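Below: start-v4.cif (mmCIF, C-alpha atoms)
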```cif
data_start
loop_
_atom_site.label_atom_id
_atom_site.label_comp_id
_atom_site.auth_asym_id
_atom_site.auth_seq_id
_atom_site.Cartn_x
_atom_site.Cartn_y
_atom_site.Cartn_z
CA MET A 1 -127.89 109.39 162.39
CA LYS A 2 -130.10 112.02 163.96
CA ASP A 3 -129.42 115.57 165.01
CA ASN A 4 -132.15 117.15 167.16
CA GLY A 5 -134.69 114.82 165.57
CA ARG A 6 -133.50 115.43 162.02
CA ILE A 7 -131.79 112.81 159.88
CA LYS A 8 -128.20 113.46 158.88
CA THR A 9 -127.44 112.03 155.46
CA THR A 10 -123.83 110.84 155.60
CA GLN A 11 -123.73 108.33 152.73
CA GLU A 12 -124.15 110.78 149.85
CA SER A 13 -121.02 112.04 148.09
CA SER A 14 -119.82 115.61 148.50
CA PHE A 15 -120.68 116.26 144.85
CA ARG A 16 -124.25 114.99 145.34
CA LYS A 17 -124.68 117.13 148.44
CA THR A 18 -123.42 120.20 146.59
CA VAL A 19 -125.80 119.56 143.69
CA ASN A 20 -128.75 119.07 146.05
CA ILE A 21 -127.99 122.35 147.81
CA LEU A 22 -127.28 124.51 144.76
CA LEU A 23 -129.71 123.05 142.20
CA PRO A 24 -132.79 124.87 143.58
CA PHE A 25 -130.94 128.20 143.42
CA LEU A 26 -129.82 127.49 139.85
CA ILE A 27 -133.38 126.69 138.79
CA TYR A 28 -134.70 129.79 140.54
CA PHE A 29 -131.99 131.99 138.99
CA VAL A 30 -132.49 130.70 135.43
CA VAL A 31 -136.30 130.86 135.55
CA HIS A 32 -136.18 134.35 137.13
CA ASP A 33 -133.83 135.67 134.43
CA LEU A 34 -135.76 134.08 131.56
CA ALA A 35 -139.02 135.49 132.95
CA GLN A 36 -137.43 138.94 133.23
CA ILE A 37 -136.24 138.81 129.60
CA LEU A 38 -139.64 137.65 128.36
CA LEU A 39 -141.55 140.24 130.38
CA ALA A 40 -139.24 143.03 129.20
CA PHE A 41 -139.84 141.94 125.60
CA LEU A 42 -143.61 141.95 126.12
CA VAL A 43 -143.50 145.43 127.66
CA ASN A 44 -141.40 146.78 124.79
CA PHE A 45 -143.77 145.15 122.30
CA SER A 46 -146.79 146.65 124.05
CA MET A 47 -145.25 150.13 123.89
CA GLY A 48 -145.17 149.90 120.13
CA ALA A 49 -148.65 148.37 119.92
CA PHE A 50 -150.71 150.66 122.15
CA GLY A 51 -149.79 154.11 120.90
CA ASN A 52 -147.76 157.12 122.00
CA GLY A 53 -149.77 157.88 125.14
CA TYR A 54 -149.15 154.44 126.57
CA GLY A 55 -145.50 154.57 125.56
CA GLU A 56 -144.98 157.95 127.22
CA PHE A 57 -146.62 156.71 130.42
CA MET A 58 -144.42 153.62 130.52
CA THR A 59 -141.29 155.66 129.83
CA LYS A 60 -142.15 158.21 132.51
CA ASN A 61 -142.65 155.43 135.06
CA ALA A 62 -139.79 153.24 133.80
CA SER A 63 -138.31 152.61 137.26
CA THR A 64 -141.62 151.52 138.73
CA VAL A 65 -142.38 149.32 135.72
CA SER A 66 -138.92 147.76 135.97
CA GLY A 67 -139.48 147.10 139.67
CA LEU A 68 -142.82 145.44 139.00
CA LEU A 69 -141.32 143.28 136.27
CA ASN A 70 -138.57 142.19 138.65
CA ALA A 71 -141.13 141.39 141.36
CA LEU A 72 -143.15 139.31 138.90
CA SER A 73 -139.96 137.54 137.83
CA LEU A 74 -139.15 136.80 141.48
CA ALA A 75 -142.61 135.32 141.96
CA ILE A 76 -142.25 133.16 138.84
CA GLY A 77 -138.83 131.96 139.98
CA MET A 78 -140.24 131.13 143.40
CA ALA A 79 -143.13 129.22 141.82
CA ALA A 80 -140.63 127.10 139.88
CA VAL A 81 -138.95 125.83 143.05
CA TRP A 82 -141.97 125.88 145.37
CA PRO A 83 -142.76 122.13 145.01
CA MET A 84 -139.24 121.33 146.24
CA ALA A 85 -139.48 123.94 148.99
CA ARG A 86 -142.82 122.60 150.16
CA MET A 87 -141.31 119.15 150.57
CA GLU A 88 -138.39 120.55 152.54
CA LEU A 89 -140.69 122.57 154.79
CA LYS A 90 -142.82 119.52 155.46
CA TRP A 91 -139.70 117.51 156.25
CA ALA A 92 -138.53 120.21 158.64
CA LYS A 93 -142.04 120.34 160.17
CA VAL A 94 -142.30 124.11 159.94
CA LEU A 95 -145.34 124.63 157.73
CA GLY A 96 -147.34 125.23 160.87
CA GLY A 97 -148.12 123.23 163.94
CA THR A 98 -151.46 121.65 164.65
CA GLU A 99 -151.09 121.53 168.40
CA THR A 100 -153.53 123.61 170.41
CA GLU A 101 -151.86 126.47 172.27
CA THR A 102 -152.88 127.77 175.64
CA GLY A 103 -153.64 131.47 176.07
CA GLU A 104 -150.33 131.96 177.85
CA GLU A 105 -148.39 130.27 175.04
CA THR A 106 -150.16 132.41 172.43
CA ALA A 107 -149.35 135.58 174.36
CA LEU A 108 -145.70 134.56 174.68
CA LYS A 109 -145.46 133.79 170.97
CA THR A 110 -147.00 137.18 170.14
CA LEU A 111 -144.49 138.92 172.41
CA LYS A 112 -141.60 137.09 170.74
CA TYR A 113 -142.76 138.14 167.28
CA VAL A 114 -143.14 141.75 168.41
CA LEU A 115 -139.58 141.64 169.72
CA LEU A 116 -138.41 140.01 166.49
CA SER A 117 -140.05 142.80 164.49
CA ILE A 118 -138.33 145.52 166.53
CA PHE A 119 -135.01 143.68 166.34
CA ALA A 120 -135.29 143.26 162.55
CA VAL A 121 -136.01 146.97 162.02
CA SER A 122 -133.39 148.29 164.44
CA PHE A 123 -130.67 145.84 163.40
CA ALA A 124 -131.20 146.45 159.67
CA LEU A 125 -131.14 150.22 160.12
CA GLY A 126 -128.18 150.05 162.50
CA VAL A 127 -126.08 147.98 160.09
CA ASN A 128 -127.04 150.24 157.18
CA LEU A 129 -126.04 153.35 159.10
CA LEU A 130 -122.78 151.73 160.19
CA MET A 131 -121.89 150.96 156.58
CA ALA A 132 -122.81 154.47 155.48
CA LEU A 133 -120.72 156.03 158.27
CA ALA A 134 -117.80 153.79 157.28
CA GLY A 135 -118.03 155.15 153.73
CA LEU A 136 -118.76 151.79 152.11
CA THR A 137 -121.90 153.01 150.34
CA ARG A 138 -119.91 155.72 148.52
CA ILE A 139 -117.16 153.55 147.07
CA SER A 140 -119.33 151.05 145.20
CA GLU A 141 -120.67 152.26 141.86
CA ARG A 142 -122.61 149.04 141.48
CA TYR A 143 -124.38 149.68 144.79
CA GLN A 144 -125.23 153.23 143.73
CA GLU A 145 -126.79 151.92 140.52
CA VAL A 146 -128.87 149.36 142.42
CA ALA A 147 -129.95 151.95 145.02
CA ASP A 148 -131.00 154.45 142.33
CA ARG A 149 -133.06 151.76 140.64
CA GLN A 150 -134.68 150.58 143.87
CA TYR A 151 -135.56 154.04 145.13
CA GLY A 152 -136.80 155.12 141.72
CA VAL A 153 -140.05 153.17 142.12
CA ALA A 154 -143.21 154.67 143.58
CA LEU A 155 -143.29 154.40 147.39
CA GLY A 156 -146.31 152.09 147.64
CA ILE A 157 -145.04 149.83 144.85
CA GLY A 158 -141.62 149.71 146.51
CA ILE A 159 -143.13 148.58 149.81
CA LEU A 160 -145.05 145.86 147.97
CA ILE A 161 -141.93 144.69 146.11
CA TYR A 162 -139.32 144.90 148.87
CA GLY A 163 -141.61 144.33 151.83
CA LEU A 164 -143.59 141.36 150.49
CA VAL A 165 -142.64 139.79 147.16
CA SER A 166 -138.85 139.88 147.53
CA PRO A 167 -138.75 138.56 151.13
CA LEU A 168 -141.14 135.71 150.38
CA ALA A 169 -139.38 134.62 147.18
CA GLU A 170 -135.88 134.86 148.64
CA GLU A 171 -136.82 133.08 151.86
CA VAL A 172 -138.39 130.19 149.96
CA VAL A 173 -135.07 129.73 148.14
CA PHE A 174 -132.52 130.48 150.87
CA ARG A 175 -134.17 129.31 154.08
CA GLY A 176 -136.86 126.99 152.75
CA LEU A 177 -134.57 125.11 150.37
CA ILE A 178 -130.86 125.87 150.71
CA TYR A 179 -130.74 126.12 154.51
CA ASN A 180 -132.96 123.09 155.14
CA ARG A 181 -130.82 120.96 152.83
CA MET A 182 -127.57 122.25 154.32
CA ARG A 183 -128.93 121.66 157.81
CA ARG A 184 -129.60 118.04 156.92
CA TYR A 185 -126.00 117.52 155.84
CA PHE A 186 -123.89 119.79 158.02
CA GLY A 187 -125.85 120.67 161.16
CA LYS A 188 -127.01 124.03 162.49
CA ALA A 189 -123.96 126.21 163.22
CA LEU A 190 -122.13 125.86 159.89
CA SER A 191 -125.36 125.98 157.88
CA VAL A 192 -126.52 129.23 159.51
CA ILE A 193 -123.25 130.96 158.63
CA VAL A 194 -122.81 129.56 155.12
CA CYS A 195 -126.44 130.20 154.17
CA GLY A 196 -126.10 133.79 155.38
CA VAL A 197 -122.90 134.32 153.39
CA MET A 198 -124.51 132.83 150.27
CA PHE A 199 -127.39 135.26 150.72
CA GLY A 200 -124.87 138.11 150.75
CA ILE A 201 -123.06 136.89 147.62
CA TYR A 202 -126.41 136.59 145.85
CA HIS A 203 -126.83 140.38 145.99
CA GLY A 204 -123.93 140.89 143.62
CA ASN A 205 -122.06 143.92 144.99
CA LEU A 206 -119.74 144.60 147.92
CA VAL A 207 -122.04 146.81 150.01
CA GLN A 208 -125.18 144.70 149.68
CA GLY A 209 -123.02 141.59 149.93
CA ILE A 210 -121.70 142.53 153.37
CA TYR A 211 -125.10 143.75 154.54
CA GLY A 212 -126.85 140.70 153.07
CA ALA A 213 -124.42 138.29 154.73
CA VAL A 214 -124.79 139.90 158.17
CA LEU A 215 -128.55 140.13 157.89
CA GLY A 216 -128.76 136.69 156.27
CA ILE A 217 -127.06 135.06 159.25
CA ALA A 218 -129.50 136.78 161.61
CA ILE A 219 -132.49 135.80 159.46
CA THR A 220 -131.34 132.18 159.23
CA TYR A 221 -130.83 131.99 162.98
CA SER A 222 -134.33 133.39 163.56
CA TYR A 223 -135.65 130.46 161.50
CA GLU A 224 -133.82 128.01 163.74
CA TRP A 225 -134.76 129.88 166.92
CA PHE A 226 -138.49 130.16 166.20
CA GLY A 227 -138.85 126.85 164.36
CA SER A 228 -141.28 128.44 161.93
CA PHE A 229 -140.81 129.52 158.32
CA PHE A 230 -142.94 132.57 159.08
CA ALA A 231 -140.14 133.96 161.29
CA PRO A 232 -137.50 134.53 158.57
CA VAL A 233 -140.12 135.81 156.11
CA TRP A 234 -141.41 138.27 158.71
CA PHE A 235 -137.87 139.29 159.75
CA HIS A 236 -136.89 139.89 156.13
CA ALA A 237 -140.07 141.84 155.37
CA CYS A 238 -139.71 144.11 158.41
CA ALA A 239 -136.04 144.80 157.68
CA ASN A 240 -136.58 145.51 153.98
CA THR A 241 -139.57 147.77 154.60
CA ALA A 242 -137.77 149.80 157.27
CA VAL A 243 -134.63 150.31 155.16
CA PHE A 244 -136.62 151.16 152.04
CA ILE A 245 -138.78 153.76 153.79
CA ALA A 246 -135.82 155.29 155.65
CA GLY A 247 -133.82 155.65 152.45
CA TYR A 248 -136.63 156.72 150.13
CA ASP A 249 -136.47 160.43 150.93
CA LYS A 250 -132.96 161.86 150.42
CA VAL A 251 -133.46 164.51 153.11
CA VAL A 252 -134.53 161.95 155.71
CA LYS A 253 -131.75 159.62 154.61
CA GLY A 254 -129.17 162.39 154.99
CA ASN A 255 -130.37 163.37 158.45
CA ILE A 256 -130.64 159.85 159.84
CA VAL A 257 -127.03 158.90 159.10
CA THR A 258 -125.37 159.90 162.38
CA PRO A 259 -123.25 157.97 164.91
CA LEU A 260 -125.88 158.65 167.60
CA ASN A 261 -128.70 157.12 165.57
CA CYS A 262 -126.52 154.16 164.67
CA GLY A 263 -125.72 153.61 168.35
CA ILE A 264 -129.39 153.86 169.33
CA PHE A 265 -130.50 151.31 166.72
CA MET A 266 -127.77 148.86 167.68
CA ALA A 267 -128.57 149.29 171.39
CA VAL A 268 -132.24 148.55 170.71
CA SER A 269 -131.14 145.46 168.79
CA VAL A 270 -129.13 144.18 171.75
CA PHE A 271 -132.04 144.87 174.12
CA CYS A 272 -134.42 142.93 171.86
CA LEU A 273 -131.99 140.00 171.66
CA LEU A 274 -131.78 139.83 175.43
CA ALA A 275 -135.55 140.08 175.74
CA LEU A 276 -135.99 137.32 173.13
CA TRP A 277 -133.54 135.10 174.98
CA LYS A 278 -135.42 135.67 178.23
CA ALA A 279 -138.79 135.02 176.55
CA GLY A 280 -137.38 131.87 174.94
CA SER A 281 -136.28 130.53 178.32
CA LYS A 282 -139.92 130.54 179.42
CA LYS A 283 -140.98 127.93 176.85
#
```
As a first step, turn the structure in this file into structure tokens.
Amino acid sequence: MKDNGRIKTTQESSFRKTVNILLPFLIYFVVHDLAQILLAFLVNFSMGAFGNGYGEFMTKNASTVSGLLNALSLAIGMAAVWPMARMELKWAKVLGGTETETGEETALKTLKYVLLSIFAVSFALGVNLLMALAGLTRISERYQEVADRQYGVALGIGILIYGLVSPLAEEVVFRGLIYNRMRRYFGKALSVIVCGVMFGIYHGNLVQGIYGAVLGIAITYSYEWFGSFFAPVWFHACANTAVFIAGYDKVVKGNIVTPLNCGIFMAVSVFCLLALWKAGSKK
């Protein structure tokens, strides 16, 4: 059977489908955690081997070092599942088209990505402000611990980690592998929602879970809408970078959390969605 040109596999058992969907995440998770343990051991060993000056520097910059180790672990985990992801991306025909575009088509595509960028930033900030105004960010100790760790890194390093490494690694796993495999079995609508919810659960705490699920659904739909793996990676990168920068300075973070700002960001999001829909109708 085919669904929009893609083959639906109906003869595999439910167990086999579940294994095919979850196995890449399990491999990624195990390799990531083992890499993190090994890297932490090597850092601790180096602190004892290279003298007090080195140890003091590493201790003083512990949050940044921890962030870099996590980013490296993410990259190693992604590398472990990349061969599978590459096959899925080729199957989905989203590694990049070879057709020649006209100048008008290139301009339209550029406009759509500009709108996607603005939507990603405004929607991510709007949802974050809404959760803060609702008091959700204050009731989760686990979220506070994660936030303190994330915002403890140096600004430039944080942008590199959360604006580049994390989006790329997580998109390879969730959209490149999990979503493409789910899409093959269950079709678009259910797969978009379930993949988004799984992305929320992956974050491990209530606040980031809700935010991750909402954003994950939007990211997954952008993949389907644009038909390019670059779209979810770019969406994710723009959203992460905007939220990280907005929350990095406590004064700025305190001043930005207002109902008016939340309303403005959400209104911009709606405007961008309408503009994207209109631009999409011109294909």
Selection result of the PyMOL selection byres ((chain A and resi 111) around 12) on this file, as a PyMOL selection string: chain A and resi 104-110+112-118+272+275-280+282
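The shortest atom-to-atom distance to Val172 in chain A, with only C-alpha atoms taken into account, belongs to A:Pro232 out of A:Gly55, A:Gly67, A:Pro232, A:Gly103.
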Counting only C-alpha atoms, what is within 12 Å of Met198 in chain A, bar same-chain residues fewer than 5 positions away, as a PDB file with C-alpha atoms, keeping the file's coordinate frame?
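New file selection27.pdb:
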```pdb
ATOM      1  CA  ILE A  21    -127.990 122.350 147.810  1.00  0.00           C
ATOM      2  CA  LEU A  22    -127.280 124.510 144.760  1.00  0.00           C
ATOM      3  CA  PHE A  25    -130.940 128.200 143.420  1.00  0.00           C
ATOM      4  CA  GLU A 170    -135.880 134.860 148.640  1.00  0.00           C
ATOM      5  CA  VAL A 173    -135.070 129.730 148.140  1.00  0.00           C
ATOM      6  CA  PHE A 174    -132.520 130.480 150.870  1.00  0.00           C
ATOM      7  CA  ARG A 175    -134.170 129.310 154.080  1.00  0.00           C
ATOM      8  CA  ILE A 178    -130.860 125.870 150.710  1.00  0.00           C
ATOM      9  CA  TYR A 179    -130.740 126.120 154.510  1.00  0.00           C
ATOM     10  CA  MET A 182    -127.570 122.250 154.320  1.00  0.00           C
ATOM     11  CA  SER A 191    -125.360 125.980 157.880  1.00  0.00           C
ATOM     12  CA  VAL A 192    -126.520 129.230 159.510  1.00  0.00           C
ATOM     13  CA  ILE A 193    -123.250 130.960 158.630  1.00  0.00           C
ATOM     14  CA  HIS A 203    -126.830 140.380 145.990  1.00  0.00           C
ATOM     15  CA  GLY A 204    -123.930 140.890 143.620  1.00  0.00           C
ATOM     16  CA  GLN A 208    -125.180 144.700 149.680  1.00  0.00           C
ATOM     17  CA  GLY A 209    -123.020 141.590 149.930  1.00  0.00           C
ATOM     18  CA  ILE A 210    -121.700 142.530 153.370  1.00  0.00           C
ATOM     19  CA  TYR A 211    -125.100 143.750 154.540  1.00  0.00           C
ATOM     20  CA  GLY A 212    -126.850 140.700 153.070  1.00  0.00           C
ATOM     21  CA  ALA A 213    -124.420 138.290 154.730  1.00  0.00           C
ATOM     22  CA  VAL A 214    -124.790 139.900 158.170  1.00  0.00           C
ATOM     23  CA  LEU A 215    -128.550 140.130 157.890  1.00  0.00           C
ATOM     24  CA  GLY A 216    -128.760 136.690 156.270  1.00  0.00           C
ATOM     25  CA  ILE A 217    -127.060 135.060 159.250  1.00  0.00           C
ATOM     26  CA  THR A 220    -131.340 132.180 159.230  1.00  0.00           C
TER      27      THR A 220
END
```
Could you make a table, as a Markdown table, of the residues of range 54-123 of chain A that have an atom within 9 Å of an atom of range 152-162 of chain A, each with its nearest atom pair and distance in Å to one decimal, counting only C-alpha atoms, in chain and number order?
```
| residue | atom | partner | partner_atom | distance |
| --- | --- | --- | --- | --- |
| A:Asn61 | CA | A:Val153 | CA | 7.9 |
| A:Ala62 | CA | A:Val153 | CA | 8.3 |
| A:Ser63 | CA | A:Val153 | CA | 5.2 |
| A:Thr64 | CA | A:Val153 | CA | 4.1 |
| A:Val65 | CA | A:Val153 | CA | 7.8 |
| A:Ser66 | CA | A:Val153 | CA | 8.3 |
| A:Gly67 | CA | A:Val153 | CA | 6.6 |
| A:Leu68 | CA | A:Ile161 | CA | 7.2 |
| A:Asn70 | CA | A:Ile161 | CA | 8.6 |
| A:Ala71 | CA | A:Ile161 | CA | 5.8 |
```
Selected residues, C-alpha atoms, written as a PDB file, in the coordinates of the input, please.
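As written to disk, part.pdb reads:
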```pdb
ATOM      1  CA  ASN A  61    -142.650 155.430 135.060  1.00  0.00           C
ATOM      2  CA  ALA A  62    -139.790 153.240 133.800  1.00  0.00           C
ATOM      3  CA  SER A  63    -138.310 152.610 137.260  1.00  0.00           C
ATOM      4  CA  THR A  64    -141.620 151.520 138.730  1.00  0.00           C
ATOM      5  CA  VAL A  65    -142.380 149.320 135.720  1.00  0.00           C
ATOM      6  CA  SER A  66    -138.920 147.760 135.970  1.00  0.00           C
ATOM      7  CA  GLY A  67    -139.480 147.100 139.670  1.00  0.00           C
ATOM      8  CA  LEU A  68    -142.820 145.440 139.000  1.00  0.00           C
ATOM      9  CA  ASN A  70    -138.570 142.190 138.650  1.00  0.00           C
ATOM     10  CA  ALA A  71    -141.130 141.390 141.360  1.00  0.00           C
TER      11      ALA A  71
END
```
Quick check on the file I pasted: which residues fall under the PyMOL selection byres ((chain A and resi 234) around 9)? Write them as a list in words.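 So the PyMOL selection byres ((chain A and resi 234) around 9), applied here, picks out Tyr113, Leu116, Ser117, Ala120, Pro167, Leu168, Phe229, Phe230, Ala231, Pro232, Val233, Phe235, His236, Ala237, Cys238 and Ala239 of chain A.
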Take the residues that were just selected and, keeping C-alpha atoms, output them as an mmCIF file, in the coordinates of the input.
```cif
data_model
loop_
_atom_site.group_PDB
_atom_site.id
_atom_site.type_symbol
_atom_site.label_atom_id
_atom_site.label_comp_id
_atom_site.auth_asym_id
_atom_site.auth_seq_id
_atom_site.Cartn_x
_atom_site.Cartn_y
_atom_site.Cartn_z
ATOM 1 C CA TYR A 113 -142.760 138.140 167.280
ATOM 2 C CA LEU A 116 -138.410 140.010 166.490
ATOM 3 C CA SER A 117 -140.050 142.800 164.490
ATOM 4 C CA ALA A 120 -135.290 143.260 162.550
ATOM 5 C CA PRO A 167 -138.750 138.560 151.130
ATOM 6 C CA LEU A 168 -141.140 135.710 150.380
ATOM 7 C CA PHE A 229 -140.810 129.520 158.320
ATOM 8 C CA PHE A 230 -142.940 132.570 159.080
ATOM 9 C CA ALA A 231 -140.140 133.960 161.290
ATOM 10 C CA PRO A 232 -137.500 134.530 158.570
ATOM 11 C CA VAL A 233 -140.120 135.810 156.110
ATOM 12 C CA PHE A 235 -137.870 139.290 159.750
ATOM 13 C CA HIS A 236 -136.890 139.890 156.130
ATOM 14 C CA ALA A 237 -140.070 141.840 155.370
ATOM 15 C CA CYS A 238 -139.710 144.110 158.410
ATOM 16 C CA ALA A 239 -136.040 144.800 157.680
#
```
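Reported to one decimal place, the separation of CA of Asn128 in chain A from CA of Ala267 in chain A is 14.3 Å.
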Which residue, A:Ala35, A:Leu26, A:Leu164, A:Leu125, has the smallest gap to Ile256 in chain A when you use all atoms listed in the file?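 For Ile256 in chain A, the nearest of the given residues is A:Leu125.
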Separation of CA of Val165 in chain A from CA of Trp91 in chain A, in Å and rounded to one decimal: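 Going from CA of Val165 in chain A over to CA of Trp91 in chain A, I get 24.2 Å.
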Between CA of Leu130 in chain A and CA of Asn261 in chain A - distance in Å to one decimal: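 Distance between the two atoms: 9.6 Å.
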Please evaluate the PyMOL selection byres ((chain A and resi 86) around 12) against the displayed coordinates and give the resulting residues as number ranges by chain. A: 78-85, 87-96, 172-173, 175-177, 180, 229
Tell me which protein, DNA and RNA residues are within 9 Å of range 29-33 of chain A, counting all atoms listed in the file, leaving out same-chain ones fewer than 5 positions away, and put them as an NGL selection string. :A and (24 or 38 or 70 or 72-78 or 80)
Could you please fill out range 106-122 of chain A with N, CA, C and O atoms and send it back as an mmCIF file, keeping the file's coordinate frame?
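Output below, filename out-v2.cif:
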```cif
data_model
loop_
_atom_site.group_PDB
_atom_site.id
_atom_site.type_symbol
_atom_site.label_atom_id
_atom_site.label_comp_id
_atom_site.auth_asym_id
_atom_site.auth_seq_id
_atom_site.Cartn_x
_atom_site.Cartn_y
_atom_site.Cartn_z
ATOM 1 N N THR A 106 -149.861 131.496 173.529
ATOM 2 C CA THR A 106 -150.160 132.410 172.430
ATOM 3 C C THR A 106 -149.638 133.806 172.727
ATOM 4 O O THR A 106 -149.065 134.475 171.861
ATOM 5 N N ALA A 107 -149.826 134.254 173.958
ATOM 6 C CA ALA A 107 -149.350 135.580 174.360
ATOM 7 C C ALA A 107 -147.825 135.650 174.292
ATOM 8 O O ALA A 107 -147.251 136.657 173.837
ATOM 9 N N LEU A 108 -147.159 134.584 174.722
ATOM 10 C CA LEU A 108 -145.700 134.560 174.680
ATOM 11 C C LEU A 108 -145.203 134.572 173.236
ATOM 12 O O LEU A 108 -144.236 135.275 172.918
ATOM 13 N N LYS A 109 -145.846 133.808 172.371
ATOM 14 C CA LYS A 109 -145.460 133.790 170.970
ATOM 15 C C LYS A 109 -145.647 135.171 170.336
ATOM 16 O O LYS A 109 -144.793 135.636 169.560
ATOM 17 N N THR A 110 -146.746 135.833 170.659
ATOM 18 C CA THR A 110 -147.000 137.180 170.140
ATOM 19 C C THR A 110 -145.919 138.139 170.590
ATOM 20 O O THR A 110 -145.402 138.947 169.797
ATOM 21 N N LEU A 111 -145.550 138.057 171.876
ATOM 22 C CA LEU A 111 -144.490 138.920 172.410
ATOM 23 C C LEU A 111 -143.174 138.682 171.666
ATOM 24 O O LEU A 111 -142.469 139.626 171.312
ATOM 25 N N LYS A 112 -142.851 137.423 171.418
ATOM 26 C CA LYS A 112 -141.600 137.090 170.740
ATOM 27 C C LYS A 112 -141.587 137.641 169.311
ATOM 28 O O LYS A 112 -140.545 138.130 168.838
ATOM 29 N N TYR A 113 -142.724 137.606 168.640
ATOM 30 C CA TYR A 113 -142.760 138.140 167.280
ATOM 31 C C TYR A 113 -142.708 139.673 167.270
ATOM 32 O O TYR A 113 -142.150 140.269 166.337
ATOM 33 N N VAL A 114 -143.266 140.290 168.277
ATOM 34 C CA VAL A 114 -143.140 141.750 168.410
ATOM 35 C C VAL A 114 -141.672 142.122 168.606
ATOM 36 O O VAL A 114 -141.149 143.042 167.964
ATOM 37 N N LEU A 115 -140.995 141.392 169.487
ATOM 38 C CA LEU A 115 -139.580 141.640 169.720
ATOM 39 C C LEU A 115 -138.757 141.362 168.464
ATOM 40 O O LEU A 115 -137.807 142.104 168.153
ATOM 41 N N LEU A 116 -139.108 140.306 167.734
ATOM 42 C CA LEU A 116 -138.410 140.010 166.490
ATOM 43 C C LEU A 116 -138.586 141.137 165.480
ATOM 44 O O LEU A 116 -137.634 141.497 164.772
ATOM 45 N N SER A 117 -139.780 141.698 165.411
ATOM 46 C CA SER A 117 -140.050 142.800 164.490
ATOM 47 C C SER A 117 -139.181 144.006 164.824
ATOM 48 O O SER A 117 -138.562 144.612 163.930
ATOM 49 N N ILE A 118 -139.131 144.362 166.103
ATOM 50 C CA ILE A 118 -138.330 145.520 166.530
ATOM 51 C C ILE A 118 -136.846 145.256 166.284
ATOM 52 O O ILE A 118 -136.107 146.134 165.830
ATOM 53 N N PHE A 119 -136.414 144.022 166.576
ATOM 54 C CA PHE A 119 -135.010 143.680 166.340
ATOM 55 C C PHE A 119 -134.682 143.776 164.854
ATOM 56 O O PHE A 119 -133.640 144.333 164.475
ATOM 57 N N ALA A 120 -135.544 143.240 163.990
ATOM 58 C CA ALA A 120 -135.290 143.260 162.550
ATOM 59 C C ALA A 120 -135.144 144.691 162.041
ATOM 60 O O ALA A 120 -134.218 145.008 161.281
ATOM 61 N N VAL A 121 -136.041 145.577 162.462
ATOM 62 C CA VAL A 121 -136.010 146.970 162.020
ATOM 63 C C VAL A 121 -134.764 147.681 162.546
ATOM 64 O O VAL A 121 -134.027 148.324 161.787
ATOM 65 N N SER A 122 -134.516 147.576 163.841
ATOM 66 C CA SER A 122 -133.390 148.290 164.440
ATOM 67 C C SER A 122 -132.046 147.753 163.968
ATOM 68 O O SER A 122 -131.114 148.516 163.688
#
```
